[in-house]
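Below: the structure, in structure tokens.
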Protein chains: 2
Amino acid sequence: MNLTIDAAAIAADLDAIAACSDTPPPGVTRVVYGEADLRARAYLRARCAEAGLLLREDGLGNLFARWPGAEPDLPAVASGSHIDAIPHSGRFDGTVGVVGALEALRALRRVGHVPRRSLELLIFTSEEPTRFGVGCLGSRALAGALNPAQLRALRDGEGRTLDELRAAAGFTAPLEQVALAQGTYAAFVELHIEQGPLLETEGLPIGVVRAIAAPAALRVHLQGEGGHAGAVLMLGRRDALLAGAEIALAVERAALSTGRPDTVATTGRLTITPGAINAIPSAATLEIDVRDVAAEPRDRALASIYSAVAEVCGRRHVAYQIEEVNADPPATCDPEVVATIIGACTELGLPYQVMVSRAYHDSLFMARICPTAMIFIPCRGGVSHRPDEYSEPEQISQGVAVLAHALAALSA
Amino acid sequence: MNLTIDAAAIAADLDAIAACSDTPPPGVTRVVYGEADLRARAYLRARCAEAGLLLREDGLGNLFARWPGAEPDLPAVASGSHIDAIPHSGRFDGTVGVVGALEALRALRRVGHVPRRSLELLIFTSEEPTRFGVGCLGSRALAGALNPAQLRALRDGEGRTLDELRAAAGFTAPLEQVALAQGTYAAFVELHIEQGPLLETEGLPIGVVRAIAAPAALRVHLQGEGGHAGAVLMLGRRDALLAGAEIALAVERAALSTGRPDTVATTGRLTITPGAINAIPSAATLEIDVRDVAAEPRDRALASIYSAVAEVCGRRHVAYQIEEVNADPPATCDPEVVATIIGACTELGLPYQVMVSRAYHDSLFMARICPTAMIFIPCRGGVSHRPDEYSEPEQISQGVAVLAHALAALSA
């Protein structure tokens, strides 16, 4: 196959989507169902329609853009990712996998490729946990790992329900129709920036992902006692922030204590009440993310965090509650889809490395309902979730070429 | 003098002002120049006018309500406090000293008292540092401790200038006319809840304040490196929150290390960027409050915080900047005003204790321009800056009675 990847079209799509942001440049913020998210969706719907794809959206706003195959009743082959972006982050995470899959389909059409199986672009709603505290909301629901009742119970930080927000965004189809049956897809491939330094360090253009790290998320609520910062003496205090500070440090120690570089643990959010310089913090909430490509050391780190919370709060007379937001099992990629991606790299003469994904992705949930694998491309310095996240146009085009070849093979 | 204090009028005034809040009950939030603050000011202006007081407001919104004395050219005697309230706090801090002084003036008028010196109610703008990060904004400016250029440089958390916000609130008089000359007042007395447990524990209705603690406020800016919580391994991290957590714990140790129960140090605010569960915190800001009734141990605690910041940030490769927001000297109250308050207690047969104020007050700055002292009343459990802050109507009336007798003596 002699495909041409249109790097200028990809760059134009990336620019257009980066311009949809809830915050001014250079950072990008696209919170699900927010104004910027809806503008980006409108842009992509128009591009999909131009490319001759048939559009469907489910009740969460997951978007399916189909190129019907010669045998449209066969399970389709899908590719895609997400377009939501955490506050003040970059323009490539997720989005590269959406505009990359779109360009892969356009490139295949340009050369007159006729797929036997239908090919489908998927844009998943809310891979980032920013708004509802749950990562991979859309793909999790597609895989049946969040049922309609659980979806209806979700609220954002301002207390608004998912139901209310999805309706306001124009997504009103029944939540009962979101979950997809096993066998809906013959394969799923996600193109994504690595979000780590390995490919750049090794000077390799392509990573072929064989496993996706197992993330666990905790929310720890601390309730101490407030009071005037000048008037309450030190020894009578039950300062919720100080308990939280000790817990954040224990989270770091928990990751280091497994003795594995693969274990990472992060306190990404810490909010305190009332939050005034002259008031002792009465309450604090920490959000903690713990990952490993293996479940056992991750669970060991989690156990060590649980016991640190109990010890710190007991000593500081601070009440606590630990909410386990999720503790998903890791995913193993499908060997045949992995082999197909390797075949595409070989065909294109691109060196690759088989690797694991430390970050988690919609593929973690797609792997539950169909054979799944991922293609990684390098990003500068391994940086992600920051305004300076960057992949070169050539690196993106190479990833899209591998994706297009793999989709052609999988849909044949 | 046979004064009657109208407890029902005080209760009605407290209720009316508590109803002006930026947040729903039970907590009270009144941020300076906010809608609730402006409603509370309108209420008080109306009450002052009803009481026959002559109103003046300066360019910051400090309010002066004067009852002209028989010799109006003599320096006046003033009393007052603030009505702004930190987020989710109580209804007595500051407000008791405003409605209490108002009722003291009304009570004196009811018995036909004719003051020789004018008597004046002062309502200070923004005693709380909530909006501009500077405590005692209004009284600090009255005392000339903040000049017009420094006032113009102030911005709130959303970047809006003090100038813009005061104009929007209707205060447009020149900032050059805010500072008052030495000798403007013959005396100033502030009635306030204790914000500590001493009077309640001792079963005493009145505290006579002889010194006001010296507050220092630091803002520490930390700049580490962000990144994806799953992809960046632990040992390569420069996590700003973890540096902040260590610093918050060092702040606690710094207060304990002086060996004096009087030293208190609090990290009342800690904000992190970007603040997403799956992002390593790249930046953090801590706001730290350090106090003692003596300057030397307070400065020792500050020095220990400075060295902890340097040590922690050096070890964690996090850049830092320490902003000394203020480091005001402590104030000693005027012995004659203190003696006058003690005389009022004796006349009324109310037991009292001479004490220090651990919290700081507008009196700290009024003491720079005129003889100043404070009257404390008990508050339940010593609790303040919380929704459950409480003083009994009888306790408030006793404080107002002492204030009225002291004002009568000072204005005679």
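Residue names in the structure tokens use chain letters A, B, ... in the order shown, residue numbers from 1 in each chain, and ligand numbers from 1 in the order shown.
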Could you list, with a cut-off of 6 Å and counting only C-alpha atoms, the residues of chain A near chain B, each shown with its nearest atom pair and the distance in Å rounded to one decimal, rows sorted by chain and ascending number, as CSV?
```
residue,atom,partner,partner_atom,distance
A:Gln195,CA,B:Ala231,CA,5.8
A:Gly196,CA,B:Ala231,CA,5.1
A:Gly227,CA,B:Ser384,CA,5.3
A:His228,CA,B:His385,CA,5.6
A:Gly230,CA,B:Ala359,CA,4.5
A:Ala231,CA,B:Arg358,CA,5.2
A:Met234,CA,B:Val264,CA,5.9
A:Ala245,CA,B:Ala245,CA,4.3
A:Val264,CA,B:Met234,CA,5.9
A:Gly268,CA,B:Ile277,CA,4.1
A:Arg269,CA,B:Gly275,CA,4.8
A:Gly275,CA,B:Arg269,CA,4.9
A:Ala276,CA,B:Gly268,CA,5.2
A:Ile277,CA,B:Gly268,CA,4.1
A:Asn278,CA,B:Gly268,CA,5.9
A:Ala279,CA,B:Gly268,CA,5.5
A:Ile280,CA,B:Gly268,CA,5.7
A:Pro281,CA,B:Gly268,CA,5.9
A:Glu287,CA,B:Ile277,CA,5.6
A:Arg358,CA,B:Ala231,CA,5.1
A:Ala359,CA,B:Gly230,CA,4.5
A:Val383,CA,B:Gly227,CA,5.8
A:Ser384,CA,B:Gly227,CA,5.3
A:His385,CA,B:Gly227,CA,5.5
```
task: Identify, on the basis of only C-alpha atoms, every residue whose closest approach to Pro174 (chain A) does not exceed 6 Å; exclude the query and any residue fewer than 2 positions from it along the same chain; express the result as a list in words.
output: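 Everything that qualifies: Gly59, Glu176 and Gln177 of chain A.
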Show me, as an mmCIF file with C-alpha atoms, in the first residue's frame, the residues that have an atom within 12 Å of Leu165 (chain A) when counting only C-alpha atoms, minus same-chain residues fewer than 2 positions from it.
```cif
data_model
loop_
_atom_site.group_PDB
_atom_site.id
_atom_site.type_symbol
_atom_site.label_atom_id
_atom_site.label_comp_id
_atom_site.auth_asym_id
_atom_site.auth_seq_id
_atom_site.Cartn_x
_atom_site.Cartn_y
_atom_site.Cartn_z
ATOM 1 C CA VAL A 31 -13.705 19.966 30.498
ATOM 2 C CA VAL A 32 -16.297 17.478 29.316
ATOM 3 C CA TYR A 33 -19.627 19.065 28.314
ATOM 4 C CA GLY A 34 -18.062 22.514 28.692
ATOM 5 C CA GLU A 35 -18.299 25.119 25.980
ATOM 6 C CA LEU A 38 -18.786 21.213 22.576
ATOM 7 C CA GLY A 59 -26.381 9.180 25.460
ATOM 8 C CA LEU A 60 -23.001 10.111 26.965
ATOM 9 C CA GLY A 61 -21.761 11.788 23.796
ATOM 10 C CA ARG A 131 -15.263 16.742 36.060
ATOM 11 C CA PHE A 132 -16.807 13.611 37.546
ATOM 12 C CA LEU A 151 -23.895 6.957 35.774
ATOM 13 C CA ARG A 152 -26.973 8.702 37.145
ATOM 14 C CA LEU A 154 -22.401 10.945 39.231
ATOM 15 C CA ARG A 155 -22.150 14.645 40.063
ATOM 16 C CA ASP A 156 -19.533 17.238 39.274
ATOM 17 C CA GLU A 158 -20.623 21.903 41.790
ATOM 18 C CA GLY A 159 -23.205 19.236 42.537
ATOM 19 C CA ARG A 160 -24.694 19.049 39.058
ATOM 20 C CA THR A 161 -25.678 15.574 37.912
ATOM 21 C CA LEU A 162 -24.226 13.863 34.867
ATOM 22 C CA ASP A 163 -27.808 13.505 33.612
ATOM 23 C CA ALA A 167 -28.817 16.821 28.520
ATOM 24 C CA ALA A 168 -27.633 20.445 28.523
ATOM 25 C CA ALA A 169 -24.869 19.369 26.107
ATOM 26 C CA GLY A 170 -27.515 17.830 23.821
ATOM 27 C CA PHE A 171 -27.010 14.135 24.623
ATOM 28 C CA THR A 172 -30.384 12.706 25.502
#
```
Contact residues around His361 (chain A) with only C-alpha atoms at 10 Å, ignoring same-chain residues under 5 positions, as a list of chain:residue names: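 That gives A:Ser81, A:His82, A:Gly94, A:Glu127, A:Glu128, A:Gly135, A:Cys136, A:Ser139, A:Glu190, A:His192, A:Ile212, A:Ala213, A:Met366, A:Met374.
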task: Please run DSSP on the backbone and report, as number ranges by chain, all residues within region 52-225 of chain A that come out as strand (DSSP E or B).
output: A: 54-57, 63-67, 76-82, 85-89, 119-124, 155, 161, 185-193, 206-212, 214-223, 225
List as an mmCIF file with C-alpha atoms, in the first residue's frame the protein and nucleic acid residues near Leu63 (chain A), meaning an atom at most 12 Å away when only C-alpha atoms are counted, but skip any in the same chain fewer than 5 places from it.
```
data_model
loop_
_atom_site.group_PDB
_atom_site.id
_atom_site.type_symbol
_atom_site.label_atom_id
_atom_site.label_comp_id
_atom_site.auth_asym_id
_atom_site.auth_seq_id
_atom_site.Cartn_x
_atom_site.Cartn_y
_atom_site.Cartn_z
ATOM 1 C CA ARG A 41 -17.001 18.165 19.009
ATOM 2 C CA ALA A 42 -18.793 20.338 16.440
ATOM 3 C CA LEU A 44 -14.876 17.055 14.498
ATOM 4 C CA ARG A 45 -18.435 16.207 13.464
ATOM 5 C CA CYS A 48 -16.116 13.367 9.881
ATOM 6 C CA LEU A 53 -18.256 8.940 7.639
ATOM 7 C CA LEU A 54 -21.660 8.064 9.122
ATOM 8 C CA LEU A 55 -22.172 9.602 12.546
ATOM 9 C CA ARG A 56 -23.813 8.226 15.662
ATOM 10 C CA GLU A 57 -23.663 9.585 19.216
ATOM 11 C CA ASP A 58 -24.794 7.760 22.326
ATOM 12 C CA ALA A 78 -12.265 0.751 15.421
ATOM 13 C CA SER A 79 -9.728 3.372 16.390
ATOM 14 C CA GLY A 80 -9.939 6.543 18.433
ATOM 15 C CA SER A 81 -9.248 8.289 21.684
ATOM 16 C CA HIS A 82 -10.519 11.306 23.656
ATOM 17 C CA ILE A 83 -10.487 15.074 23.217
ATOM 18 C CA VAL A 98 -8.653 11.215 17.360
ATOM 19 C CA GLU A 120 -14.928 3.282 12.721
ATOM 20 C CA LEU A 121 -13.514 6.340 14.460
ATOM 21 C CA LEU A 122 -14.432 6.487 18.165
ATOM 22 C CA ILE A 123 -14.266 9.686 20.223
ATOM 23 C CA PHE A 124 -14.722 8.767 23.869
ATOM 24 C CA THR A 125 -16.403 11.116 26.321
ATOM 25 C CA SER A 126 -14.395 12.223 29.369
ATOM 26 C CA GLY A 138 -17.211 6.979 28.149
ATOM 27 C CA SER A 139 -15.206 3.833 27.447
ATOM 28 C CA LEU A 142 -19.236 1.302 26.677
ATOM 29 C CA PHE A 171 -27.010 14.135 24.623
ATOM 30 C CA VAL A 178 -24.549 2.965 25.938
#
```
DSSP alpha helix (DSSP H) residues within region 54-238 of chain B, as number ranges by chain: B: 95-110, 137-142, 148-152, 162-168, 198-202
Near His317 (chain A), within 9 Å and counting only C-alpha atoms, which residues show up once chain neighbours fewer than 6 positions away are dropped, as a compact mmCIF listing (two decimals) with N, CA and C atoms, in the first residue's frame?
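Writing done, so here's selection_31.txt:
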```txt
# COMPACT_ATOMS: atom_id res chain seq x y z
N GLY A 224 -11.02 17.79 60.71
CA GLY A 224 -10.39 18.16 61.97
C GLY A 224 -11.23 19.22 62.65
N ARG A 237 -4.71 21.80 68.74
CA ARG A 237 -5.21 21.82 67.37
C ARG A 237 -5.49 20.44 66.79
N ARG A 238 -6.45 20.41 65.86
CA ARG A 238 -6.72 19.20 65.05
C ARG A 238 -6.76 19.69 63.60
N ASP A 239 -5.57 20.05 63.09
CA ASP A 239 -5.43 20.74 61.81
C ASP A 239 -5.52 19.73 60.66
```
- prompt: Counting only C-alpha atoms, what is within 8 Å of Tyr390 (chain B), bar same-chain residues fewer than 5 positions away, as a list in words?
  reply: Gly90, Arg91, Phe92, Cys379, Arg380, Val383 and Ser384 of chain B
Written selection (N, CA and C atoms) as a compact mmCIF listing (two decimals), in the first residue's frame:
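As written to disk, selection.txt reads:
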```
# COMPACT_ATOMS: atom_id res chain seq x y z
N GLY B 90 -18.20 32.97 61.35
CA GLY B 90 -19.32 33.20 62.26
C GLY B 90 -19.88 34.60 62.16
N ARG B 91 -20.80 34.94 63.11
CA ARG B 91 -21.54 36.19 63.03
C ARG B 91 -21.12 37.20 64.09
N PHE B 92 -20.11 36.89 64.88
CA PHE B 92 -19.78 37.77 66.02
C PHE B 92 -18.44 38.49 65.85
N CYS B 379 -16.38 33.98 74.30
CA CYS B 379 -17.12 33.30 73.25
C CYS B 379 -17.03 31.79 73.54
N ARG B 380 -18.10 31.11 73.24
CA ARG B 380 -18.25 29.70 73.63
C ARG B 380 -17.10 28.83 73.12
N VAL B 383 -14.18 29.43 70.45
CA VAL B 383 -14.28 29.19 69.00
C VAL B 383 -14.50 30.48 68.22
N SER B 384 -13.75 30.65 67.14
CA SER B 384 -13.99 31.77 66.23
C SER B 384 -13.63 31.35 64.81
```
message: One decimal, in Å: what's the spacing between CA of Ile377 (chain B) and CA of Ala76 (chain B)?
response: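 Distance reported for this atom pair: 24.6 Å.
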message: Using only C-alpha atoms for the distances, tell me which of B:Ala303, B:Leu364, B:Cys313, B:Ala143 is nearest to Ser257 (chain B).
response: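 Between B:Ala303, B:Leu364, B:Cys313, B:Ala143, the residue approaching Ser257 (chain B) most closely is B:Ala303.
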